[in-house]
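What follows is a set of notes on a single structure, which appears directly below.
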Amino acid sequence: MGSSTGQSSGNYDLSFKILLIGDSGVGKSSLLVSFISAASDDLAPTIGVDFKIKLLTVGGKRLKLTIWDTAGQERFRTLTSSYYRGAQGIILVYDVTRRETFTNLSEVWSREVELYSTNQDCVKMLVGNKVDRDSERAVSREEGMVLAKELGCTFIECSAKTRENVDQCFEELALKIMDVPSLLEEGSAVGKRNILKQEYQSPPAGGCCS
């Protein structure tokens with residue numbers, strides 16, 4: 001399965017917008033950086049929204065994934081609501097060692113998805129991060145599976161630090177999106193080329209940390 005981090009806009013069959021959401025500190029930025037560059041150093045909290053592009057081949061199709069990393073801090077919540085628009089995939093991330101980050105997915109983040117997501121058929125994935133710290137685990141795998149079923153999400157546990165299941169997380173999500181005809185129509189190159197111009201005019205005040 002080939003992949004590339006190049007940002008050529010013409011060399012792909014489908015373009016998907018994917019959103020990473022969840023509390024601050026659960027490892028959203030680390031997951032993204034681990035997927036893009038195989039690096040997973042501890043990162044400063046994202047301010048507002050940052051995004052990265054990854055080109056890869058999944059299921060015989062060349063895909064352009066534009067992955068948006070949103071700030072988990074409450075004070076930036078109003079900045080991120082507009083970024084749900086047009087997302088074909090949403091990844092809800094929690095830290096398996098911090099129960100409150102798991103609780104907030106059902107009490108805060110899933111409600112936000114219902115409120116702001118503009119794609120009724122949007123594919124959602126529940127991701128338990130930091131399984132490399134299994135001895136500190138506060139949320140069992142079984143609990144994650146139950147919540148995923150309740151929220152209508154697929155489920156995977158991973159570690160941005162060791163890269164365990166990181167590629168599988170994004171590739172499985174892309175495959176699920178490709179199974180939904182309405183999302184494929186939205187993801188075609190036609191009409192998608194201006195998505196960054198429309199939605200990311202300039203970085204939020206304070207800059208971004210990737």
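Numbering starts fresh at 1 for the residues of each chain in the structure tokens, the chains themselves are lettered A, B, ... in the order given, and ligands are numbered from 1 as they appear.
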
Within 12 Å of stretch 112-119 of chain A using only C-alpha atoms, minus same-chain residues under 6 positions, as a PDB file with N, CA and C atoms, in the first residue's frame:
```
ATOM      1  N   LYS A  17     -12.083  15.095   3.449  1.00  0.00           N
ATOM      2  CA  LYS A  17     -11.783  15.948   4.601  1.00  0.00           C
ATOM      3  C   LYS A  17     -12.063  15.148   5.869  1.00  0.00           C
ATOM      4  N   ILE A  18     -11.055  15.047   6.713  1.00  0.00           N
ATOM      5  CA  ILE A  18     -11.168  14.287   7.960  1.00  0.00           C
ATOM      6  C   ILE A  18     -10.865  15.207   9.134  1.00  0.00           C
ATOM      7  N   LEU A  19     -11.677  15.082  10.178  1.00  0.00           N
ATOM      8  CA  LEU A  19     -11.539  15.947  11.346  1.00  0.00           C
ATOM      9  C   LEU A  19     -11.134  15.122  12.559  1.00  0.00           C
ATOM     10  N   LEU A  20     -10.145  15.604  13.320  1.00  0.00           N
ATOM     11  CA  LEU A  20      -9.747  14.987  14.588  1.00  0.00           C
ATOM     12  C   LEU A  20     -10.313  15.835  15.714  1.00  0.00           C
ATOM     13  N   ILE A  21     -11.120  15.233  16.593  1.00  0.00           N
ATOM     14  CA  ILE A  21     -11.681  15.988  17.709  1.00  0.00           C
ATOM     15  C   ILE A  21     -11.498  15.217  19.011  1.00  0.00           C
ATOM     16  N   GLY A  22     -11.640  15.932  20.122  1.00  0.00           N
ATOM     17  CA  GLY A  22     -11.465  15.333  21.437  1.00  0.00           C
ATOM     18  C   GLY A  22     -10.809  16.331  22.366  1.00  0.00           C
ATOM     19  N   ARG A  77     -13.431  26.400  21.297  1.00  0.00           N
ATOM     20  CA  ARG A  77     -14.515  25.605  20.717  1.00  0.00           C
ATOM     21  C   ARG A  77     -15.264  26.363  19.619  1.00  0.00           C
ATOM     22  N   THR A  78     -15.466  27.672  19.832  1.00  0.00           N
ATOM     23  CA  THR A  78     -16.211  28.436  18.834  1.00  0.00           C
ATOM     24  C   THR A  78     -15.423  28.591  17.536  1.00  0.00           C
ATOM     25  N   THR A  80     -13.747  26.239  16.132  1.00  0.00           N
ATOM     26  CA  THR A  80     -13.694  25.009  15.363  1.00  0.00           C
ATOM     27  C   THR A  80     -15.028  24.557  14.776  1.00  0.00           C
ATOM     28  N   SER A  81     -16.142  25.144  15.205  1.00  0.00           N
ATOM     29  CA  SER A  81     -17.443  24.639  14.758  1.00  0.00           C
ATOM     30  C   SER A  81     -17.587  24.656  13.239  1.00  0.00           C
ATOM     31  N   SER A  82     -17.069  25.696  12.586  1.00  0.00           N
ATOM     32  CA  SER A  82     -17.215  25.788  11.131  1.00  0.00           C
ATOM     33  C   SER A  82     -16.400  24.738  10.390  1.00  0.00           C
ATOM     34  N   TYR A  83     -15.430  24.149  11.060  1.00  0.00           N
ATOM     35  CA  TYR A  83     -14.565  23.188  10.379  1.00  0.00           C
ATOM     36  C   TYR A  83     -15.205  21.808  10.250  1.00  0.00           C
ATOM     37  N   TYR A  84     -16.370  21.617  10.870  1.00  0.00           N
ATOM     38  CA  TYR A  84     -17.103  20.368  10.668  1.00  0.00           C
ATOM     39  C   TYR A  84     -17.714  20.327   9.273  1.00  0.00           C
ATOM     40  N   ARG A  85     -17.890  21.500   8.681  1.00  0.00           N
ATOM     41  CA  ARG A  85     -18.599  21.589   7.406  1.00  0.00           C
ATOM     42  C   ARG A  85     -17.884  20.783   6.315  1.00  0.00           C
ATOM     43  N   GLY A  86     -18.626  19.868   5.708  1.00  0.00           N
ATOM     44  CA  GLY A  86     -18.087  19.114   4.581  1.00  0.00           C
ATOM     45  C   GLY A  86     -17.184  17.945   4.938  1.00  0.00           C
ATOM     46  N   ALA A  87     -16.999  17.671   6.238  1.00  0.00           N
ATOM     47  CA  ALA A  87     -16.120  16.560   6.625  1.00  0.00           C
ATOM     48  C   ALA A  87     -16.787  15.225   6.298  1.00  0.00           C
ATOM     49  N   GLN A  88     -16.042  14.367   5.583  1.00  0.00           N
ATOM     50  CA  GLN A  88     -16.565  13.028   5.293  1.00  0.00           C
ATOM     51  C   GLN A  88     -16.230  12.020   6.383  1.00  0.00           C
ATOM     52  N   GLY A  89     -15.190  12.343   7.175  1.00  0.00           N
ATOM     53  CA  GLY A  89     -14.791  11.456   8.258  1.00  0.00           C
ATOM     54  C   GLY A  89     -14.455  12.251   9.510  1.00  0.00           C
ATOM     55  N   ILE A  90     -14.878  11.749  10.669  1.00  0.00           N
ATOM     56  CA  ILE A  90     -14.570  12.400  11.939  1.00  0.00           C
ATOM     57  C   ILE A  90     -13.986  11.355  12.892  1.00  0.00           C
ATOM     58  N   ILE A  91     -12.813  11.659  13.443  1.00  0.00           N
ATOM     59  CA  ILE A  91     -12.149  10.764  14.388  1.00  0.00           C
ATOM     60  C   ILE A  91     -12.268  11.365  15.784  1.00  0.00           C
ATOM     61  N   LEU A  92     -12.952  10.656  16.679  1.00  0.00           N
ATOM     62  CA  LEU A  92     -13.126  11.098  18.067  1.00  0.00           C
ATOM     63  C   LEU A  92     -12.069  10.394  18.910  1.00  0.00           C
ATOM     64  N   ASN A 104     -16.107  12.635  28.109  1.00  0.00           N
ATOM     65  CA  ASN A 104     -16.424  13.847  27.341  1.00  0.00           C
ATOM     66  C   ASN A 104     -16.784  13.553  25.881  1.00  0.00           C
ATOM     67  N   LEU A 105     -16.366  12.409  25.374  1.00  0.00           N
ATOM     68  CA  LEU A 105     -16.736  12.075  23.991  1.00  0.00           C
ATOM     69  C   LEU A 105     -18.247  11.918  23.865  1.00  0.00           C
ATOM     70  N   SER A 106     -18.862  11.263  24.841  1.00  0.00           N
ATOM     71  CA  SER A 106     -20.315  11.077  24.778  1.00  0.00           C
ATOM     72  C   SER A 106     -21.076  12.301  25.277  1.00  0.00           C
ATOM     73  N   MET A 125     -15.217   7.485  13.645  1.00  0.00           N
ATOM     74  CA  MET A 125     -14.357   6.469  14.243  1.00  0.00           C
ATOM     75  C   MET A 125     -13.971   6.889  15.661  1.00  0.00           C
ATOM     76  N   LEU A 151     -22.504   5.214  19.694  1.00  0.00           N
ATOM     77  CA  LEU A 151     -22.354   6.427  18.880  1.00  0.00           C
ATOM     78  C   LEU A 151     -22.369   6.136  17.376  1.00  0.00           C
ATOM     79  N   GLY A 152     -22.458   4.864  17.013  1.00  0.00           N
ATOM     80  CA  GLY A 152     -22.459   4.513  15.599  1.00  0.00           C
ATOM     81  C   GLY A 152     -21.102   4.704  14.946  1.00  0.00           C
ATOM     82  N   CYS A 153     -20.036   4.441  15.717  1.00  0.00           N
ATOM     83  CA  CYS A 153     -18.665   4.603  15.220  1.00  0.00           C
ATOM     84  C   CYS A 153     -18.000   3.251  15.018  1.00  0.00           C
ATOM     85  N   ILE A 177     -15.341   5.390   4.259  1.00  0.00           N
ATOM     86  CA  ILE A 177     -15.881   6.525   3.508  1.00  0.00           C
ATOM     87  C   ILE A 177     -16.154   6.108   2.064  1.00  0.00           C
ATOM     88  N   VAL A 180     -19.504   4.644   1.058  1.00  0.00           N
ATOM     89  CA  VAL A 180     -20.714   5.475   1.129  1.00  0.00           C
ATOM     90  C   VAL A 180     -20.816   6.320  -0.143  1.00  0.00           C
ATOM     91  N   SER A 182     -22.758   8.663  -1.275  1.00  0.00           N
ATOM     92  CA  SER A 182     -22.971  10.114  -1.170  1.00  0.00           C
ATOM     93  C   SER A 182     -21.671  10.837  -0.798  1.00  0.00           C
ATOM     94  N   LEU A 183     -20.820  10.188  -0.005  1.00  0.00           N
ATOM     95  CA  LEU A 183     -19.551  10.801   0.378  1.00  0.00           C
ATOM     96  C   LEU A 183     -18.553  10.754  -0.771  1.00  0.00           C
ATOM     97  N   LEU A 184     -18.676   9.727  -1.618  1.00  0.00           N
ATOM     98  CA  LEU A 184     -17.802   9.646  -2.788  1.00  0.00           C
ATOM     99  C   LEU A 184     -18.090  10.783  -3.748  1.00  0.00           C
ATOM    100  N   GLU A 185     -19.368  11.124  -3.885  1.00  0.00           N
ATOM    101  CA  GLU A 185     -19.734  12.243  -4.755  1.00  0.00           C
ATOM    102  C   GLU A 185     -19.121  13.528  -4.235  1.00  0.00           C
ATOM    103  N   GLU A 186     -19.197  13.729  -2.911  1.00  0.00           N
ATOM    104  CA  GLU A 186     -18.620  14.932  -2.318  1.00  0.00           C
ATOM    105  C   GLU A 186     -17.105  14.926  -2.407  1.00  0.00           C
ATOM    106  N   GLY A 187     -16.517  13.727  -2.414  1.00  0.00           N
ATOM    107  CA  GLY A 187     -15.070  13.631  -2.397  1.00  0.00           C
ATOM    108  C   GLY A 187     -14.414  13.675  -3.753  1.00  0.00           C
TER     109      GLY A 187
END
```

Excluding same-chain residues fewer than 6 positions from stretch 126-140 of chain A, what lies within 8 Å of it counting only C-alpha atoms, as a ChimeraX atom specification? /A:26-27,91-99,102,148,153-162,169

Let's have the selection written as a PDB file, in the first residue's frame, with N, CA and C atoms.
```pdb
ATOM      1  N   VAL A  26      -5.148  14.572  24.426  1.00  0.00           N
ATOM      2  CA  VAL A  26      -5.395  13.146  24.175  1.00  0.00           C
ATOM      3  C   VAL A  26      -4.465  12.581  23.098  1.00  0.00           C
ATOM      4  N   GLY A  27      -3.759  13.481  22.392  1.00  0.00           N
ATOM      5  CA  GLY A  27      -2.802  13.014  21.391  1.00  0.00           C
ATOM      6  C   GLY A  27      -3.258  13.148  19.955  1.00  0.00           C
ATOM      7  N   ILE A  91     -12.813  11.659  13.443  1.00  0.00           N
ATOM      8  CA  ILE A  91     -12.149  10.764  14.388  1.00  0.00           C
ATOM      9  C   ILE A  91     -12.268  11.365  15.784  1.00  0.00           C
ATOM     10  N   LEU A  92     -12.952  10.656  16.679  1.00  0.00           N
ATOM     11  CA  LEU A  92     -13.126  11.098  18.067  1.00  0.00           C
ATOM     12  C   LEU A  92     -12.069  10.394  18.910  1.00  0.00           C
ATOM     13  N   VAL A  93     -11.167  11.180  19.484  1.00  0.00           N
ATOM     14  CA  VAL A  93     -10.010  10.609  20.179  1.00  0.00           C
ATOM     15  C   VAL A  93     -10.121  10.791  21.688  1.00  0.00           C
ATOM     16  N   TYR A  94      -9.784   9.729  22.436  1.00  0.00           N
ATOM     17  CA  TYR A  94      -9.661   9.847  23.887  1.00  0.00           C
ATOM     18  C   TYR A  94      -8.365   9.189  24.329  1.00  0.00           C
ATOM     19  N   ASP A  95      -7.962   9.493  25.543  1.00  0.00           N
ATOM     20  CA  ASP A  95      -6.747   8.951  26.140  1.00  0.00           C
ATOM     21  C   ASP A  95      -7.168   7.800  27.053  1.00  0.00           C
ATOM     22  N   VAL A  96      -6.692   6.586  26.786  1.00  0.00           N
ATOM     23  CA  VAL A  96      -7.129   5.426  27.576  1.00  0.00           C
ATOM     24  C   VAL A  96      -6.701   5.512  29.034  1.00  0.00           C
ATOM     25  N   THR A  97      -5.795   6.454  29.364  1.00  0.00           N
ATOM     26  CA  THR A  97      -5.346   6.602  30.755  1.00  0.00           C
ATOM     27  C   THR A  97      -6.092   7.712  31.494  1.00  0.00           C
ATOM     28  N   ARG A  98      -6.979   8.423  30.791  1.00  0.00           N
ATOM     29  CA  ARG A  98      -7.723   9.534  31.413  1.00  0.00           C
ATOM     30  C   ARG A  98      -9.218   9.364  31.141  1.00  0.00           C
ATOM     31  N   ARG A  99      -9.931   8.882  32.145  1.00  0.00           N
ATOM     32  CA  ARG A  99     -11.348   8.548  31.962  1.00  0.00           C
ATOM     33  C   ARG A  99     -12.186   9.747  31.546  1.00  0.00           C
ATOM     34  N   PHE A 102     -12.650  10.201  27.940  1.00  0.00           N
ATOM     35  CA  PHE A 102     -13.577   9.210  27.378  1.00  0.00           C
ATOM     36  C   PHE A 102     -15.021   9.648  27.624  1.00  0.00           C
ATOM     37  N   ALA A 148     -18.509   3.013  21.191  1.00  0.00           N
ATOM     38  CA  ALA A 148     -18.471   3.122  19.734  1.00  0.00           C
ATOM     39  C   ALA A 148     -19.782   2.638  19.122  1.00  0.00           C
ATOM     40  N   CYS A 153     -20.036   4.441  15.717  1.00  0.00           N
ATOM     41  CA  CYS A 153     -18.665   4.603  15.220  1.00  0.00           C
ATOM     42  C   CYS A 153     -18.000   3.251  15.018  1.00  0.00           C
ATOM     43  N   THR A 154     -16.985   3.219  14.163  1.00  0.00           N
ATOM     44  CA  THR A 154     -16.062   2.098  14.187  1.00  0.00           C
ATOM     45  C   THR A 154     -15.106   2.356  15.344  1.00  0.00           C
ATOM     46  N   PHE A 155     -14.331   1.338  15.732  1.00  0.00           N
ATOM     47  CA  PHE A 155     -13.498   1.478  16.928  1.00  0.00           C
ATOM     48  C   PHE A 155     -12.113   0.892  16.711  1.00  0.00           C
ATOM     49  N   ILE A 156     -11.112   1.601  17.237  1.00  0.00           N
ATOM     50  CA  ILE A 156      -9.740   1.083  17.191  1.00  0.00           C
ATOM     51  C   ILE A 156      -8.965   1.707  18.350  1.00  0.00           C
ATOM     52  N   GLU A 157      -8.025   0.945  18.889  1.00  0.00           N
ATOM     53  CA  GLU A 157      -7.094   1.476  19.880  1.00  0.00           C
ATOM     54  C   GLU A 157      -5.728   1.588  19.220  1.00  0.00           C
ATOM     55  N   CYS A 158      -4.980   2.608  19.588  1.00  0.00           N
ATOM     56  CA  CYS A 158      -3.685   2.802  18.940  1.00  0.00           C
ATOM     57  C   CYS A 158      -2.723   3.546  19.861  1.00  0.00           C
ATOM     58  N   SER A 159      -1.504   3.693  19.382  1.00  0.00           N
ATOM     59  CA  SER A 159      -0.487   4.457  20.109  1.00  0.00           C
ATOM     60  C   SER A 159       0.264   5.331  19.122  1.00  0.00           C
ATOM     61  N   ALA A 160       0.120   6.643  19.284  1.00  0.00           N
ATOM     62  CA  ALA A 160       0.874   7.556  18.418  1.00  0.00           C
ATOM     63  C   ALA A 160       2.366   7.417  18.682  1.00  0.00           C
ATOM     64  N   LYS A 161       2.721   7.056  19.913  1.00  0.00           N
ATOM     65  CA  LYS A 161       4.135   6.961  20.280  1.00  0.00           C
ATOM     66  C   LYS A 161       4.837   5.794  19.591  1.00  0.00           C
ATOM     67  N   THR A 162       4.190   4.613  19.601  1.00  0.00           N
ATOM     68  CA  THR A 162       4.806   3.429  18.983  1.00  0.00           C
ATOM     69  C   THR A 162       4.314   3.203  17.552  1.00  0.00           C
ATOM     70  N   CYS A 169      -5.789   3.077  11.411  1.00  0.00           N
ATOM     71  CA  CYS A 169      -6.847   4.003  11.811  1.00  0.00           C
ATOM     72  C   CYS A 169      -7.316   4.830  10.612  1.00  0.00           C
TER      73      CYS A 169
END
```

Could you work out how far atom CA of A:Ser34 lies from atom CA of A:Asp167, giving the answer in Å with one decimal?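 A separation of 8.6 Å between them.
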
Residue among A:Leu14, A:Leu32, A:Val166, A:Val108 lying closest to A:Arg62, counting only C-alpha atoms: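 With only C-alpha atoms as the atom set, the closest residue is A:Leu14.
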
The distance between atom CA of A:Asp23 and atom CA of A:Met178 is 27.8 Å

Would you list, as a PyMOL selection string, the residues of stretch 46-205 of chain A that end up in helix (DSSP H, G or I) under DSSP run on this structure's backbone? chain A and resi 74-84+99-116+131-136+141-151+166-178+181-187+195-199

Do you know which residues are at most 12 Å from A:Gly59 counting only C-alpha atoms, after dropping those on the same chain fewer than 5 positions away, and could you put them as a ChimeraX atom specification? /A:1-2,13-14,171-179

Measure the distance from atom CA of A:Ser30 to atom CA of A:Arg163 in Å and round it to one decimal. 9.8 Å

From stretch 34-156 of chain A, collect each residue whose DSSP state is strand (DSSP E or B) and return the set as number ranges by chain. A: 49-58, 61-70, 89-95, 123-129, 154-156

Restricting the output to C-alpha atoms, write the selected residues as a PDB file, in the first residue's frame.
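This is the output file selection22.pdb:
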```pdb
ATOM      1  CA  VAL A  49      -7.006  24.562  13.928  1.00  0.00           C
ATOM      2  CA  ASP A  50      -4.117  23.090  11.978  1.00  0.00           C
ATOM      3  CA  PHE A  51      -4.277  20.772   8.977  1.00  0.00           C
ATOM      4  CA  LYS A  52      -2.021  18.443   7.034  1.00  0.00           C
ATOM      5  CA  ILE A  53      -2.355  16.649   3.712  1.00  0.00           C
ATOM      6  CA  LYS A  54      -1.514  13.029   2.987  1.00  0.00           C
ATOM      7  CA  LEU A  55      -1.665  11.272  -0.367  1.00  0.00           C
ATOM      8  CA  LEU A  56      -2.057   7.509  -0.224  1.00  0.00           C
ATOM      9  CA  THR A  57      -3.490   4.595  -2.133  1.00  0.00           C
ATOM     10  CA  VAL A  58      -6.274   2.630  -0.453  1.00  0.00           C
ATOM     11  CA  LYS A  61      -7.862   4.466  -5.336  1.00  0.00           C
ATOM     12  CA  ARG A  62      -5.448   7.365  -4.993  1.00  0.00           C
ATOM     13  CA  LEU A  63      -6.712   9.471  -2.107  1.00  0.00           C
ATOM     14  CA  LYS A  64      -5.941  12.956  -0.893  1.00  0.00           C
ATOM     15  CA  LEU A  65      -6.704  13.211   2.817  1.00  0.00           C
ATOM     16  CA  THR A  66      -6.900  16.710   4.251  1.00  0.00           C
ATOM     17  CA  ILE A  67      -6.778  16.068   7.987  1.00  0.00           C
ATOM     18  CA  TRP A  68      -7.856  18.872  10.323  1.00  0.00           C
ATOM     19  CA  ASP A  69      -6.518  18.891  13.874  1.00  0.00           C
ATOM     20  CA  THR A  70      -8.789  20.907  16.182  1.00  0.00           C
ATOM     21  CA  GLY A  89     -14.791  11.456   8.258  1.00  0.00           C
ATOM     22  CA  ILE A  90     -14.570  12.400  11.939  1.00  0.00           C
ATOM     23  CA  ILE A  91     -12.149  10.764  14.388  1.00  0.00           C
ATOM     24  CA  LEU A  92     -13.126  11.098  18.067  1.00  0.00           C
ATOM     25  CA  VAL A  93     -10.010  10.609  20.179  1.00  0.00           C
ATOM     26  CA  TYR A  94      -9.661   9.847  23.887  1.00  0.00           C
ATOM     27  CA  ASP A  95      -6.747   8.951  26.140  1.00  0.00           C
ATOM     28  CA  VAL A 123     -18.174   8.148   8.869  1.00  0.00           C
ATOM     29  CA  LYS A 124     -17.167   8.338  12.528  1.00  0.00           C
ATOM     30  CA  MET A 125     -14.357   6.469  14.243  1.00  0.00           C
ATOM     31  CA  LEU A 126     -13.706   6.195  17.979  1.00  0.00           C
ATOM     32  CA  VAL A 127      -9.987   6.008  18.775  1.00  0.00           C
ATOM     33  CA  GLY A 128      -8.466   5.119  22.147  1.00  0.00           C
ATOM     34  CA  ASN A 129      -4.930   6.515  22.101  1.00  0.00           C
ATOM     35  CA  THR A 154     -16.062   2.098  14.187  1.00  0.00           C
ATOM     36  CA  PHE A 155     -13.498   1.478  16.928  1.00  0.00           C
ATOM     37  CA  ILE A 156      -9.740   1.083  17.191  1.00  0.00           C
TER      38      ILE A 156
END
```

Among listed residues A:Glu164, A:Arg141, A:Leu31, A:Pro181, nearest A:Asp121 (using only C-alpha atoms):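 Answer, going by the shortest atom-to-atom distance: A:Pro181.
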